[in-house]
$ cat structure21.pdb   # PDB, C-alpha atoms
ATOM      1  CA  MET X   1    -205.360 121.709  45.332
ATOM      2  CA  THR X   2    -204.395 120.148  41.998
ATOM      3  CA  GLU X   3    -200.753 119.101  41.775
ATOM      4  CA  THR X   4    -198.556 119.835  38.795
ATOM      5  CA  ASN X   5    -197.829 116.642  36.899
ATOM      6  CA  LEU X   6    -194.030 116.592  36.724
ATOM      7  CA  SER X   7    -194.082 113.454  34.583
ATOM      8  CA  THR X   8    -195.866 115.373  31.812
ATOM      9  CA  GLU X   9    -193.475 118.295  31.985
ATOM     10  CA  PHE X  10    -190.338 116.217  32.576
ATOM     11  CA  PRO X  11    -190.733 112.732  31.043
ATOM     12  CA  GLY X  12    -188.768 110.076  32.936
ATOM     13  CA  VAL X  13    -188.599 112.086  36.177
ATOM     14  CA  GLN X  14    -187.386 110.008  39.131
ATOM     15  CA  ARG X  15    -189.802 109.584  42.043
ATOM     16  CA  PRO X  16    -187.968 108.088  45.063
ATOM     17  CA  ARG X  17    -191.131 108.616  47.112
ATOM     18  CA  ARG X  18    -192.710 105.634  45.322
ATOM     19  CA  LEU X  19    -190.695 103.375  47.621
ATOM     20  CA  ARG X  20    -191.667 105.299  50.765
ATOM     21  CA  ARG X  21    -195.410 105.209  50.188
ATOM     22  CA  THR X  22    -196.371 102.429  52.626
ATOM     23  CA  PRO X  23    -194.786 100.777  55.695
ATOM     24  CA  ALA X  24    -194.400  97.519  53.756
ATOM     25  CA  LEU X  25    -192.545  99.259  50.933
ATOM     26  CA  ARG X  26    -190.288 101.082  53.390
ATOM     27  CA  ARG X  27    -189.437  97.838  55.171
ATOM     28  CA  MET X  28    -188.759  96.120  51.859
ATOM     29  CA  VAL X  29    -186.063  98.592  50.790
ATOM     30  CA  GLU X  30    -184.606  99.294  54.244
ATOM     31  CA  GLU X  31    -180.821  99.362  53.985
ATOM     32  CA  THR X  32    -179.829  99.080  57.652
ATOM     33  CA  GLN X  33    -181.498  96.865  60.218
ATOM     34  CA  LEU X  34    -180.848  96.980  63.945
ATOM     35  CA  THR X  35    -181.375  93.578  65.555
ATOM     36  CA  VAL X  36    -181.060  92.187  69.042
ATOM     37  CA  ASN X  37    -178.047  90.188  67.841
ATOM     38  CA  ASP X  38    -176.146  93.476  67.470
ATOM     39  CA  LEU X  39    -176.434  94.333  71.166
ATOM     40  CA  ILE X  40    -174.014  93.897  74.057
ATOM     41  CA  TYR X  41    -175.428  94.854  77.466
ATOM     42  CA  PRO X  42    -172.975  96.592  79.848
ATOM     43  CA  LEU X  43    -173.737  95.880  83.502
ATOM     44  CA  PHE X  44    -172.400  97.141  86.834
ATOM     45  CA  VAL X  45    -171.823  94.699  89.698
ATOM     46  CA  MET X  46    -171.153  95.497  93.360
ATOM     47  CA  GLU X  47    -170.577  93.628  96.604
ATOM     48  CA  GLY X  48    -173.462  92.710  98.891
ATOM     49  CA  GLU X  49    -176.794  90.982  98.551
ATOM     50  CA  GLY X  50    -180.309  91.947  97.564
ATOM     51  CA  GLN X  51    -179.401  95.434  96.338
ATOM     52  CA  LYS X  52    -180.184  97.279  93.124
ATOM     53  CA  VAL X  53    -179.037 100.913  93.178
ATOM     54  CA  GLU X  54    -179.875 103.279  90.342
ATOM     55  CA  VAL X  55    -177.022 105.365  88.953
ATOM     56  CA  VAL X  56    -178.275 108.929  89.462
ATOM     57  CA  SER X  57    -176.722 110.247  86.255
ATOM     58  CA  MET X  58    -177.924 107.199  84.260
ATOM     59  CA  PRO X  59    -181.691 106.856  84.842
ATOM     60  CA  GLY X  60    -182.824 103.277  84.358
ATOM     61  CA  SER X  61    -179.311 101.875  84.774
ATOM     62  CA  TYR X  62    -178.309 100.152  88.003
ATOM     63  CA  ARG X  63    -175.529  98.709  90.088
ATOM     64  CA  TYR X  64    -176.500  95.154  91.063
ATOM     65  CA  THR X  65    -175.324  92.776  93.726
ATOM     66  CA  LEU X  66    -174.522  89.380  92.266
ATOM     67  CA  ASP X  67    -177.823  87.701  93.187
ATOM     68  CA  LEU X  68    -179.897  90.373  91.423
ATOM     69  CA  LEU X  69    -177.407  90.690  88.585
ATOM     70  CA  LEU X  70    -177.968  87.038  87.700
ATOM     71  CA  LYS X  71    -181.710  87.684  87.417
ATOM     72  CA  GLU X  72    -181.100  90.726  85.193
ATOM     73  CA  ILE X  73    -178.788  88.720  82.934
ATOM     74  CA  GLU X  74    -181.298  85.872  82.712
ATOM     75  CA  ASP X  75    -184.025  88.345  81.705
ATOM     76  CA  ALA X  76    -181.728  89.856  79.070
ATOM     77  CA  TYR X  77    -180.804  86.458  77.671
ATOM     78  CA  ASN X  78    -184.459  85.480  77.433
ATOM     79  CA  LEU X  79    -185.013  88.626  75.345
ATOM     80  CA  GLY X  80    -182.380  87.399  72.882
ATOM     81  CA  ILE X  81    -179.383  89.408  74.084
ATOM     82  CA  ASN X  82    -176.349  87.234  73.449
ATOM     83  CA  ALA X  83    -173.619  89.071  75.363
ATOM     84  CA  ILE X  84    -173.017  91.144  78.468
ATOM     85  CA  ALA X  85    -170.027  93.286  79.467
ATOM     86  CA  LEU X  86    -169.152  93.447  83.170
ATOM     87  CA  PHE X  87    -167.831  96.414  85.153
ATOM     88  CA  PRO X  88    -167.138  96.277  88.920
ATOM     89  CA  LEU X  89    -167.754  98.796  91.693
ATOM     90  CA  VAL X  90    -164.723  98.024  93.846
ATOM     91  CA  GLU X  91    -164.660  98.826  97.546
ATOM     92  CA  GLU X  92    -162.323 101.696  98.369
ATOM     93  CA  ALA X  93    -160.353  99.628 100.869
ATOM     94  CA  LYS X  94    -159.384  97.204  98.094
ATOM     95  CA  LYS X  95    -157.925  99.861  95.801
ATOM     96  CA  ASP X  96    -154.242 100.654  95.426
ATOM     97  CA  ASN X  97    -151.974 102.261  92.856
ATOM     98  CA  VAL X  98    -150.990  98.966  91.228
ATOM     99  CA  GLY X  99    -154.465  97.391  90.869
ATOM    100  CA  THR X 100    -153.676  94.320  92.958
ATOM    101  CA  GLU X 101    -157.358  93.463  93.401
ATOM    102  CA  SER X 102    -157.851  93.274  89.627
ATOM    103  CA  TYR X 103    -156.266  89.815  89.468
ATOM    104  CA  ASN X 104    -157.523  88.438  92.785
ATOM    105  CA  PRO X 105    -158.917  84.957  91.922
ATOM    106  CA  ASP X 106    -161.630  85.560  94.528
ATOM    107  CA  GLY X 107    -162.289  89.143  93.415
ATOM    108  CA  LEU X 108    -165.713  90.535  92.566
ATOM    109  CA  ILE X 109    -165.444  90.086  88.807
ATOM    110  CA  GLN X 110    -163.909  86.639  89.051
ATOM    111  CA  ARG X 111    -166.699  85.424  91.379
ATOM    112  CA  THR X 112    -169.298  87.070  89.174
ATOM    113  CA  VAL X 113    -168.049  85.399  85.994
ATOM    114  CA  LYS X 114    -168.049  81.982  87.659
ATOM    115  CA  ALA X 115    -171.609  82.473  88.923
ATOM    116  CA  ILE X 116    -172.872  83.630  85.526
ATOM    117  CA  LYS X 117    -171.331  80.680  83.761
ATOM    118  CA  GLN X 118    -172.932  78.298  86.251
ATOM    119  CA  THR X 119    -176.363  79.936  85.932
ATOM    120  CA  ILE X 120    -176.590  81.125  82.298
ATOM    121  CA  PRO X 121    -173.735  79.236  80.630
ATOM    122  CA  ASP X 122    -174.626  80.120  77.044
ATOM    123  CA  ILE X 123    -174.463  83.902  77.370
ATOM    124  CA  VAL X 124    -171.221  85.494  76.181
ATOM    125  CA  VAL X 125    -169.380  87.112  79.101
ATOM    126  CA  ILE X 126    -167.067  90.007  78.267
ATOM    127  CA  THR X 127    -164.805  91.360  80.998
ATOM    128  CA  ASP X 128    -163.166  94.769  81.197
ATOM    129  CA  VAL X 129    -159.365  94.761  81.439
ATOM    130  CA  ALA X 130    -158.185  98.042  82.965
ATOM    131  CA  LEU X 131    -156.995  99.319  86.318
ATOM    132  CA  ASP X 132    -159.237 102.355  86.838
ATOM    133  CA  PRO X 133    -161.946 100.563  88.906
ATOM    134  CA  TYR X 134    -159.180  99.146  91.122
ATOM    135  CA  SER X 135    -156.884 102.169  91.236
ATOM    136  CA  SER X 136    -156.644 104.444  94.238
ATOM    137  CA  GLU X 137    -155.717 107.147  91.713
ATOM    138  CA  GLY X 138    -158.605 106.491  89.308
ATOM    139  CA  HIS X 139    -156.314 105.993  86.319
ATOM    140  CA  ASP X 140    -156.171 103.118  83.851
ATOM    141  CA  GLY X 141    -152.527 102.560  84.625
ATOM    142  CA  ILE X 142    -149.998 102.645  87.439
ATOM    143  CA  VAL X 143    -149.077 106.181  88.431
ATOM    144  CA  GLY X 144    -145.333 106.841  88.653
ATOM    145  CA  GLU X 145    -143.296 109.863  89.645
ATOM    146  CA  ASN X 146    -144.705 113.278  88.753
ATOM    147  CA  GLY X 147    -148.040 111.708  87.812
ATOM    148  CA  VAL X 148    -146.694 109.842  84.777
ATOM    149  CA  ILE X 149    -148.764 106.782  83.812
ATOM    150  CA  LEU X 150    -146.362 103.857  83.501
ATOM    151  CA  ASN X 151    -147.018 101.847  80.343
ATOM    152  CA  ASP X 152    -145.013  98.628  80.557
ATOM    153  CA  SER X 153    -145.486  98.090  84.288
ATOM    154  CA  THR X 154    -149.225  98.502  83.759
ATOM    155  CA  VAL X 155    -149.241  95.962  80.936
ATOM    156  CA  GLU X 156    -147.759  93.377  83.300
ATOM    157  CA  VAL X 157    -150.711  93.846  85.650
ATOM    158  CA  LEU X 158    -153.218  93.826  82.784
ATOM    159  CA  VAL X 159    -151.871  90.448  81.712
ATOM    160  CA  LYS X 160    -152.446  89.065  85.212
ATOM    161  CA  GLN X 161    -155.940  90.539  85.226
ATOM    162  CA  ALA X 162    -156.837  89.023  81.847
ATOM    163  CA  LEU X 163    -155.504  85.614  82.873
ATOM    164  CA  SER X 164    -157.541  85.642  86.087
ATOM    165  CA  GLN X 165    -160.685  86.515  84.129
ATOM    166  CA  ALA X 166    -160.023  83.754  81.601
ATOM    167  CA  GLU X 167    -159.521  81.281  84.425
ATOM    168  CA  ALA X 168    -162.864  82.358  85.915
ATOM    169  CA  GLY X 169    -164.580  81.561  82.617
ATOM    170  CA  ALA X 170    -164.722  84.809  80.616
ATOM    171  CA  ASP X 171    -165.403  84.246  76.934
ATOM    172  CA  ILE X 172    -163.851  87.538  75.831
ATOM    173  CA  VAL X 173    -161.479  89.933  77.597
ATOM    174  CA  ALA X 174    -161.742  93.580  76.599
ATOM    175  CA  PRO X 175    -158.694  95.761  77.321
ATOM    176  CA  SER X 176    -159.996  99.331  77.666
ATOM    177  CA  ASP X 177    -156.853 100.948  79.091
ATOM    178  CA  MET X 178    -155.114 102.141  75.897
ATOM    179  CA  MET X 179    -151.628 101.151  77.047
ATOM    180  CA  ASP X 180    -149.262 100.458  74.151
ATOM    181  CA  GLY X 181    -148.582  96.782  73.421
ATOM    182  CA  ARG X 182    -151.154  95.324  75.782
ATOM    183  CA  ILE X 183    -153.068  93.318  73.147
ATOM    184  CA  GLY X 184    -149.971  91.397  72.087
ATOM    185  CA  ALA X 185    -148.901  90.769  75.664
ATOM    186  CA  ILE X 186    -152.343  89.507  76.667
ATOM    187  CA  ARG X 187    -152.691  87.280  73.605
ATOM    188  CA  LYS X 188    -149.265  85.760  74.221
ATOM    189  CA  ALA X 189    -150.087  85.083  77.880
ATOM    190  CA  LEU X 190    -153.513  83.609  77.120
ATOM    191  CA  ASP X 191    -152.044  81.259  74.542
ATOM    192  CA  ALA X 192    -149.193  80.259  76.851
ATOM    193  CA  ALA X 193    -151.771  79.338  79.491
ATOM    194  CA  GLU X 194    -153.749  77.424  76.814
ATOM    195  CA  TYR X 195    -156.715  79.808  76.847
ATOM    196  CA  PHE X 196    -156.732  79.614  73.072
ATOM    197  CA  ASP X 197    -160.500  80.114  72.822
ATOM    198  CA  VAL X 198    -160.678  83.271  74.909
ATOM    199  CA  GLY X 199    -161.155  86.194  72.539
ATOM    200  CA  ILE X 200    -159.903  89.767  72.760
ATOM    201  CA  LEU X 201    -162.177  92.723  72.085
ATOM    202  CA  ALA X 202    -159.741  95.608  71.853
ATOM    203  CA  TYR X 203    -160.790  99.132  72.741
ATOM    204  CA  SER X 204    -158.620 100.194  69.836
ATOM    205  CA  ALA X 205    -159.788 103.752  69.228
ATOM    206  CA  LYS X 206    -160.762 104.983  72.675
ATOM    207  CA  TYR X 207    -160.862 108.740  72.899
ATOM    208  CA  ALA X 208    -160.186 110.997  75.904
ATOM    209  CA  SER X 209    -163.821 111.997  75.896
ATOM    210  CA  ALA X 210    -166.063 114.115  78.099
ATOM    211  CA  TYR X 211    -168.878 111.625  77.451
ATOM    212  CA  TYR X 212    -167.662 109.199  80.142
ATOM    213  CA  GLY X 213    -168.790 111.162  83.198
ATOM    214  CA  PRO X 214    -171.850 109.111  84.229
ATOM    215  CA  PHE X 215    -169.895 105.840  83.872
ATOM    216  CA  ARG X 216    -167.296 107.151  86.304
ATOM    217  CA  ASP X 217    -170.116 108.033  88.691
ATOM    218  CA  ALA X 218    -171.373 104.459  88.448
ATOM    219  CA  LEU X 219    -168.007 102.945  89.375
ATOM    220  CA  ASP X 220    -166.564 105.798  91.447
ATOM    221  CA  SER X 221    -163.560 105.651  89.123
ATOM    222  CA  ALA X 222    -162.904 109.255  88.133
ATOM    223  CA  PRO X 223    -159.208 110.256  88.084
ATOM    224  CA  LYS X 224    -158.032 111.732  91.376
ATOM    225  CA  PHE X 225    -155.833 114.138  89.437
ATOM    226  CA  GLY X 226    -155.356 115.327  85.882
ATOM    227  CA  ASP X 227    -156.994 113.579  82.943
ATOM    228  CA  LYS X 228    -156.380 110.615  80.631
ATOM    229  CA  LYS X 229    -155.072 112.493  77.617
ATOM    230  CA  THR X 230    -151.588 110.957  77.722
ATOM    231  CA  TYR X 231    -152.978 107.506  76.956
ATOM    232  CA  GLN X 232    -156.476 107.936  75.482
ATOM    233  CA  MET X 233    -156.786 109.491  72.025
ATOM    234  CA  ASN X 234    -157.196 113.120  71.040
ATOM    235  CA  PRO X 235    -160.813 113.659  69.831
ATOM    236  CA  ALA X 236    -159.429 115.717  66.944
ATOM    237  CA  ASN X 237    -157.566 112.754  65.414
ATOM    238  CA  ALA X 238    -158.916 110.338  62.812
ATOM    239  CA  ARG X 239    -155.845 108.874  61.077
ATOM    240  CA  GLU X 240    -154.428 107.914  64.457
ATOM    241  CA  ALA X 241    -157.480 105.712  65.042
ATOM    242  CA  ILE X 242    -156.647 103.682  61.943
ATOM    243  CA  LYS X 243    -153.082 103.306  63.216
ATOM    244  CA  GLU X 244    -154.276 102.095  66.619
ATOM    245  CA  VAL X 245    -156.666  99.606  65.035
ATOM    246  CA  ALA X 246    -153.948  98.247  62.760
ATOM    247  CA  LEU X 247    -151.581  97.768  65.704
ATOM    248  CA  ASP X 248    -154.188  95.885  67.743
ATOM    249  CA  ILE X 249    -155.059  93.630  64.820
ATOM    250  CA  ALA X 250    -151.378  92.866  64.268
ATOM    251  CA  GLU X 251    -151.039  91.994  67.964
ATOM    252  CA  GLY X 252    -153.915  89.493  67.885
ATOM    253  CA  ALA X 253    -157.220  91.282  68.523
ATOM    254  CA  ASP X 254    -160.319  89.332  67.468
ATOM    255  CA  MET X 255    -162.572  92.406  67.423
ATOM    256  CA  VAL X 256    -161.902  96.132  67.548
ATOM    257  CA  MET X 257    -163.876  98.972  69.092
ATOM    258  CA  VAL X 258    -164.481 102.678  68.678
ATOM    259  CA  LYS X 259    -165.442 104.545  71.863
ATOM    260  CA  PRO X 260    -167.479 106.762  72.160
ATOM    261  CA  ALA X 261    -169.813 106.150  69.234
ATOM    262  CA  LEU X 262    -172.194 109.012  68.543
ATOM    263  CA  ALA X 263    -169.628 111.803  68.077
ATOM    264  CA  TYR X 264    -167.303 109.365  66.260
ATOM    265  CA  LEU X 265    -169.502 107.899  63.528
ATOM    266  CA  ASP X 266    -166.900 108.977  60.978
ATOM    267  CA  ILE X 267    -164.274 106.937  62.829
ATOM    268  CA  ILE X 268    -166.522 103.868  62.892
ATOM    269  CA  CYS X 269    -167.003 104.252  59.142
ATOM    270  CA  GLU X 270    -163.279 104.580  58.432
ATOM    271  CA  VAL X 271    -162.363 101.661  60.695
ATOM    272  CA  LYS X 272    -164.957  99.467  58.988
ATOM    273  CA  LYS X 273    -163.287 100.179  55.637
ATOM    274  CA  THR X 274    -159.887  99.028  56.889
ATOM    275  CA  THR X 275    -160.663  95.653  58.478
ATOM    276  CA  ASN X 276    -162.662  92.474  58.032
ATOM    277  CA  LEU X 277    -162.775  91.957  61.798
ATOM    278  CA  PRO X 278    -166.024  92.704  63.647
ATOM    279  CA  VAL X 279    -166.198  96.379  64.607
ATOM    280  CA  ALA X 280    -167.854  97.327  67.899
ATOM    281  CA  ALA X 281    -169.072 100.759  68.958
ATOM    282  CA  TYR X 282    -169.700 101.806  72.554
ATOM    283  CA  ASN X 283    -172.847 103.908  73.012
ATOM    284  CA  VAL X 284    -171.366 105.413  76.162
ATOM    285  CA  SER X 285    -172.912 106.682  79.372
ATOM    286  CA  GLY X 286    -172.985 110.344  78.384
ATOM    287  CA  GLU X 287    -174.829 109.547  75.161
ATOM    288  CA  TYR X 288    -177.299 107.434  77.113
ATOM    289  CA  ALA X 289    -177.766 110.077  79.814
ATOM    290  CA  MET X 290    -178.499 112.857  77.319
ATOM    291  CA  ILE X 291    -181.294 110.877  75.667
ATOM    292  CA  LYS X 292    -182.723 109.827  79.030
ATOM    293  CA  ALA X 293    -182.654 113.374  80.401
ATOM    294  CA  ALA X 294    -184.239 114.915  77.313
ATOM    295  CA  GLY X 295    -186.832 112.146  77.264
ATOM    296  CA  GLN X 296    -187.762 112.768  80.894
ATOM    297  CA  LYS X 297    -188.161 116.470  80.112
ATOM    298  CA  GLY X 298    -190.501 115.619  77.268
ATOM    299  CA  TRP X 299    -188.231 117.379  74.784
ATOM    300  CA  ILE X 300    -187.810 114.297  72.585
ATOM    301  CA  ASP X 301    -189.530 110.985  71.938
ATOM    302  CA  GLU X 302    -187.035 108.892  73.903
ATOM    303  CA  LYS X 303    -187.714 105.528  72.253
ATOM    304  CA  LYS X 304    -187.604 106.904  68.714
ATOM    305  CA  VAL X 305    -184.397 108.849  69.362
ATOM    306  CA  MET X 306    -182.852 105.794  71.037
ATOM    307  CA  LEU X 307    -183.549 103.603  68.013
ATOM    308  CA  GLU X 308    -182.462 106.294  65.546
ATOM    309  CA  THR X 309    -179.208 106.818  67.431
ATOM    310  CA  LEU X 310    -178.330 103.126  67.545
ATOM    311  CA  THR X 311    -179.301 102.682  63.894
ATOM    312  CA  SER X 312    -176.889 105.493  62.984
ATOM    313  CA  MET X 313    -174.072 103.509  64.612
ATOM    314  CA  LYS X 314    -175.034 100.389  62.697
ATOM    315  CA  ARG X 315    -175.301 102.413  59.472
ATOM    316  CA  ALA X 316    -171.833 103.871  60.062
ATOM    317  CA  GLY X 317    -170.419 100.332  60.100
ATOM    318  CA  ALA X 318    -170.688  98.953  63.635
ATOM    319  CA  ASP X 319    -171.300  95.214  63.743
ATOM    320  CA  LEU X 320    -171.838  95.263  67.508
ATOM    321  CA  ILE X 321    -173.064  97.991  69.839
ATOM    322  CA  LEU X 322    -172.442  98.130  73.562
ATOM    323  CA  THR X 323    -175.399 100.043  74.935
ATOM    324  CA  TYR X 324    -177.183 100.557  78.244
ATOM    325  CA  PHE X 325    -180.361 100.649  76.150
ATOM    326  CA  ALA X 326    -179.912  96.974  75.202
ATOM    327  CA  LYS X 327    -182.772  95.587  77.252
ATOM    328  CA  GLU X 328    -185.161  98.369  76.214
ATOM    329  CA  VAL X 329    -184.281  97.856  72.556
ATOM    330  CA  ALA X 330    -184.687  94.080  72.839
ATOM    331  CA  LEU X 331    -188.175  94.554  74.270
ATOM    332  CA  ILE X 332    -189.106  96.674  71.248
ATOM    333  CA  LEU X 333    -187.482  94.419  68.648
ATOM    334  CA  LYS X 334    -188.654  91.122  70.116
TER     335      LYS X 334
END
$ encode --input "structure21.pdb" --output "structure tokens"
Amino acid sequence: MTETNLSTEFPGVQRPRRLRRTPALRRMVEETQLTVNDLIYPLFVMEGEGQKVEVVSMPGSYRYTLDLLLKEIEDAYNLGINAIALFPLVEEAKKDNVGTESYNPDGLIQRTVKAIKQTIPDIVVITDVALDPYSSEGHDGIVGENGVILNDSTVEVLVKQALSQAEAGADIVAPSDMMDGRIGAIRKALDAAEYFDVGILAYSAKYASAYYGPFRDALDSAPKFGDKKTYQMNPANAREAIKEVALDIAEGADMVMVKPALAYLDIICEVKKTTNLPVAAYNVSGEYAMIKAAGQKGWIDEKKVMLETLTSMKRAGADLILTYFAKEVALILK
């Protein structure tokens, strides 16, 4: 079939397809590039030895005992992944309403951080600061009368937790609890203890999302009652996210985060416009699980959708992406 020559009929017509014609041309004009340097690898650690247990709702993601976790981290580092984020599966007997185990100097996370720093000292270790893995109630804060989550009492415990993680050797502490004022309190305590170089990655805009289900399966940390809507953000709110980010920056955050990522690309974009700090996005467990499940069903090309999804987060403005796909992506990008 002979094509109509638009250039004859409409002199000067624009032809954007000229720059899409070959792979080399497409690479040359590519606006957004996902690299292994953008990735932070979240990992689950548990007590014991020689065990690697797959999270049923997160195919390809595992809980590791420390010995096998070290091997997984070494493999990730050799693929070019610069940072890992740690999350503990805490034994039920060690949980209470005030998160006492969270600041135990010989606790699971503290021992894990020390071991990582002895084995792979150059990898950046990010530790979660929140009470939900340690709480008998499954909440990010201390539960008071009538189920009220106590803000200031919780912050006192979060400070102890952050200090214990810094002492163990964490490079960055990441408060994910959404209690008011916790960034300032943690920064003040870290500086007073002369942990000037320990950074804070603030979960600044963390929404009360339904996308967290598989993560709570992984850590057995689902709330025993109610939900987290009194302290995590309303998914309908955008301006509030900017307010939360501004507060955390004023209190001393070194990086800010939007969580979840995929349903909140607009928030990532708006946050990026308001700050010169690095912006992180958390590609959360529910987002991961949906791609994995659809991929296993053969409904999508899993690898292509994975890369497209993470690229959308980068395009929206994320400088860093926490993703359970990190190792898979690094293998492709290497």
$ resolve_selection --input "structure21.pdb" --expression "the PyMOL selection byres ((chain X and resi 327) around 10)" --output "PDB file with C-alpha atoms, keeping the file's coordinate frame"
ATOM      1  CA  VAL X  36    -181.060  92.187  69.042  1.00  0.00           C
ATOM      2  CA  LEU X  39    -176.434  94.333  71.166  1.00  0.00           C
ATOM      3  CA  ILE X  40    -174.014  93.897  74.057  1.00  0.00           C
ATOM      4  CA  TYR X  41    -175.428  94.854  77.466  1.00  0.00           C
ATOM      5  CA  GLU X  72    -181.100  90.726  85.193  1.00  0.00           C
ATOM      6  CA  ILE X  73    -178.788  88.720  82.934  1.00  0.00           C
ATOM      7  CA  ASP X  75    -184.025  88.345  81.705  1.00  0.00           C
ATOM      8  CA  ALA X  76    -181.728  89.856  79.070  1.00  0.00           C
ATOM      9  CA  TYR X  77    -180.804  86.458  77.671  1.00  0.00           C
ATOM     10  CA  LEU X  79    -185.013  88.626  75.345  1.00  0.00           C
ATOM     11  CA  GLY X  80    -182.380  87.399  72.882  1.00  0.00           C
ATOM     12  CA  ILE X  81    -179.383  89.408  74.084  1.00  0.00           C
ATOM     13  CA  THR X 323    -175.399 100.043  74.935  1.00  0.00           C
ATOM     14  CA  TYR X 324    -177.183 100.557  78.244  1.00  0.00           C
ATOM     15  CA  PHE X 325    -180.361 100.649  76.150  1.00  0.00           C
ATOM     16  CA  ALA X 326    -179.912  96.974  75.202  1.00  0.00           C
ATOM     17  CA  GLU X 328    -185.161  98.369  76.214  1.00  0.00           C
ATOM     18  CA  VAL X 329    -184.281  97.856  72.556  1.00  0.00           C
ATOM     19  CA  ALA X 330    -184.687  94.080  72.839  1.00  0.00           C
ATOM     20  CA  LEU X 331    -188.175  94.554  74.270  1.00  0.00           C
ATOM     21  CA  ILE X 332    -189.106  96.674  71.248  1.00  0.00           C
ATOM     22  CA  LEU X 333    -187.482  94.419  68.648  1.00  0.00           C
TER      23      LEU X 333
END
$ closest_residue --input "structure21.pdb" --among "X:Ser135, X:Ser221, X:Thr119, X:Ser312" --to "Lys71 of chain X" --atoms "all atoms listed in the file"
X:Thr119
$ closest_atom_pairs --input "structure21.pdb" --of "segment 293-327 of chain X" --to "segment 247-265 of chain X" --cutoff "10 Å" --atoms "all atoms listed in the file" --output "Markdown table"
| residue | atom | partner | partner_atom | distance |
| --- | --- | --- | --- | --- |
| X:Thr309 | CA | X:Leu262 | CA | 7.4 |
| X:Leu310 | CA | X:Leu262 | CA | 8.6 |
| X:Ser312 | CA | X:Leu265 | CA | 7.8 |
| X:Met313 | CA | X:Leu265 | CA | 6.4 |
| X:Lys314 | CA | X:Leu265 | CA | 9.4 |
| X:Arg315 | CA | X:Leu265 | CA | 9.0 |
| X:Ala316 | CA | X:Leu265 | CA | 5.8 |
| X:Gly317 | CA | X:Leu265 | CA | 8.4 |
| X:Ala318 | CA | X:Met257 | CA | 8.7 |
| X:Asp319 | CA | X:Met255 | CA | 9.9 |
| X:Leu320 | CA | X:Met257 | CA | 8.9 |
| X:Ile321 | CA | X:Ala261 | CA | 8.8 |
| X:Leu322 | CA | X:Ala261 | CA | 9.5 |
$ closest_residue --input "structure21.pdb" --among "X:Asn283, X:Thr127, X:Asn237, X:Gln51" --to "Asp67 of chain X" --atoms "only C-alpha atoms"
X:Gln51
$ atom_distance --input "structure21.pdb" --atom1 "atom CA of Glu47 of chain X" --atom2 "atom CA of Glu92 of chain X"
11.7 Å
$ closest_residue --input "structure21.pdb" --among "X:Asp140, X:Asp152, X:Glu270, X:Asp106" --to "Ala208 of chain X" --atoms "all atoms listed in the file"
X:Asp140
$ residues_around --input "structure21.pdb" --residues "segment 158-165 of chain X" --least-positions-apart "6" --cutoff "9 Å" --atoms "all atoms listed in the file" --output "PDB file with C-alpha atoms, in the frame of the given file"
ATOM      1  CA  GLY X  99    -154.465  97.391  90.869  1.00  0.00           C
ATOM      2  CA  THR X 100    -153.676  94.320  92.958  1.00  0.00           C
ATOM      3  CA  GLU X 101    -157.358  93.463  93.401  1.00  0.00           C
ATOM      4  CA  SER X 102    -157.851  93.274  89.627  1.00  0.00           C
ATOM      5  CA  TYR X 103    -156.266  89.815  89.468  1.00  0.00           C
ATOM      6  CA  ASN X 104    -157.523  88.438  92.785  1.00  0.00           C
ATOM      7  CA  PRO X 105    -158.917  84.957  91.922  1.00  0.00           C
ATOM      8  CA  ILE X 109    -165.444  90.086  88.807  1.00  0.00           C
ATOM      9  CA  GLN X 110    -163.909  86.639  89.051  1.00  0.00           C
ATOM     10  CA  VAL X 113    -168.049  85.399  85.994  1.00  0.00           C
ATOM     11  CA  THR X 127    -164.805  91.360  80.998  1.00  0.00           C
ATOM     12  CA  ASP X 128    -163.166  94.769  81.197  1.00  0.00           C
ATOM     13  CA  VAL X 129    -159.365  94.761  81.439  1.00  0.00           C
ATOM     14  CA  ALA X 130    -158.185  98.042  82.965  1.00  0.00           C
ATOM     15  CA  LEU X 131    -156.995  99.319  86.318  1.00  0.00           C
ATOM     16  CA  GLY X 141    -152.527 102.560  84.625  1.00  0.00           C
ATOM     17  CA  ASP X 171    -165.403  84.246  76.934  1.00  0.00           C
ATOM     18  CA  ILE X 172    -163.851  87.538  75.831  1.00  0.00           C
ATOM     19  CA  VAL X 173    -161.479  89.933  77.597  1.00  0.00           C
ATOM     20  CA  ALA X 174    -161.742  93.580  76.599  1.00  0.00           C
ATOM     21  CA  PRO X 175    -158.694  95.761  77.321  1.00  0.00           C
ATOM     22  CA  ASP X 177    -156.853 100.948  79.091  1.00  0.00           C
ATOM     23  CA  ARG X 182    -151.154  95.324  75.782  1.00  0.00           C
ATOM     24  CA  ALA X 185    -148.901  90.769  75.664  1.00  0.00           C
ATOM     25  CA  ILE X 186    -152.343  89.507  76.667  1.00  0.00           C
ATOM     26  CA  ARG X 187    -152.691  87.280  73.605  1.00  0.00           C
ATOM     27  CA  ALA X 189    -150.087  85.083  77.880  1.00  0.00           C
ATOM     28  CA  LEU X 190    -153.513  83.609  77.120  1.00  0.00           C
ATOM     29  CA  ALA X 193    -151.771  79.338  79.491  1.00  0.00           C
ATOM     30  CA  TYR X 195    -156.715  79.808  76.847  1.00  0.00           C
TER      31      TYR X 195
END
$ closest_residue --input "structure21.pdb" --among "X:Leu108, X:Val271, X:Ala241, X:Val143" --to "Leu66 of chain X" --atoms "all atoms listed in the file"
X:Leu108
$ atom_distance --input "structure21.pdb" --atom1 "atom CA of Val98 of chain X" --atom2 "atom CA of Arg216 of chain X"
18.9 Å
$ atom_distance --input "structure21.pdb" --atom1 "atom CA of Asp180 of chain X" --atom2 "atom CA of Asn151 of chain X"
6.7 Å
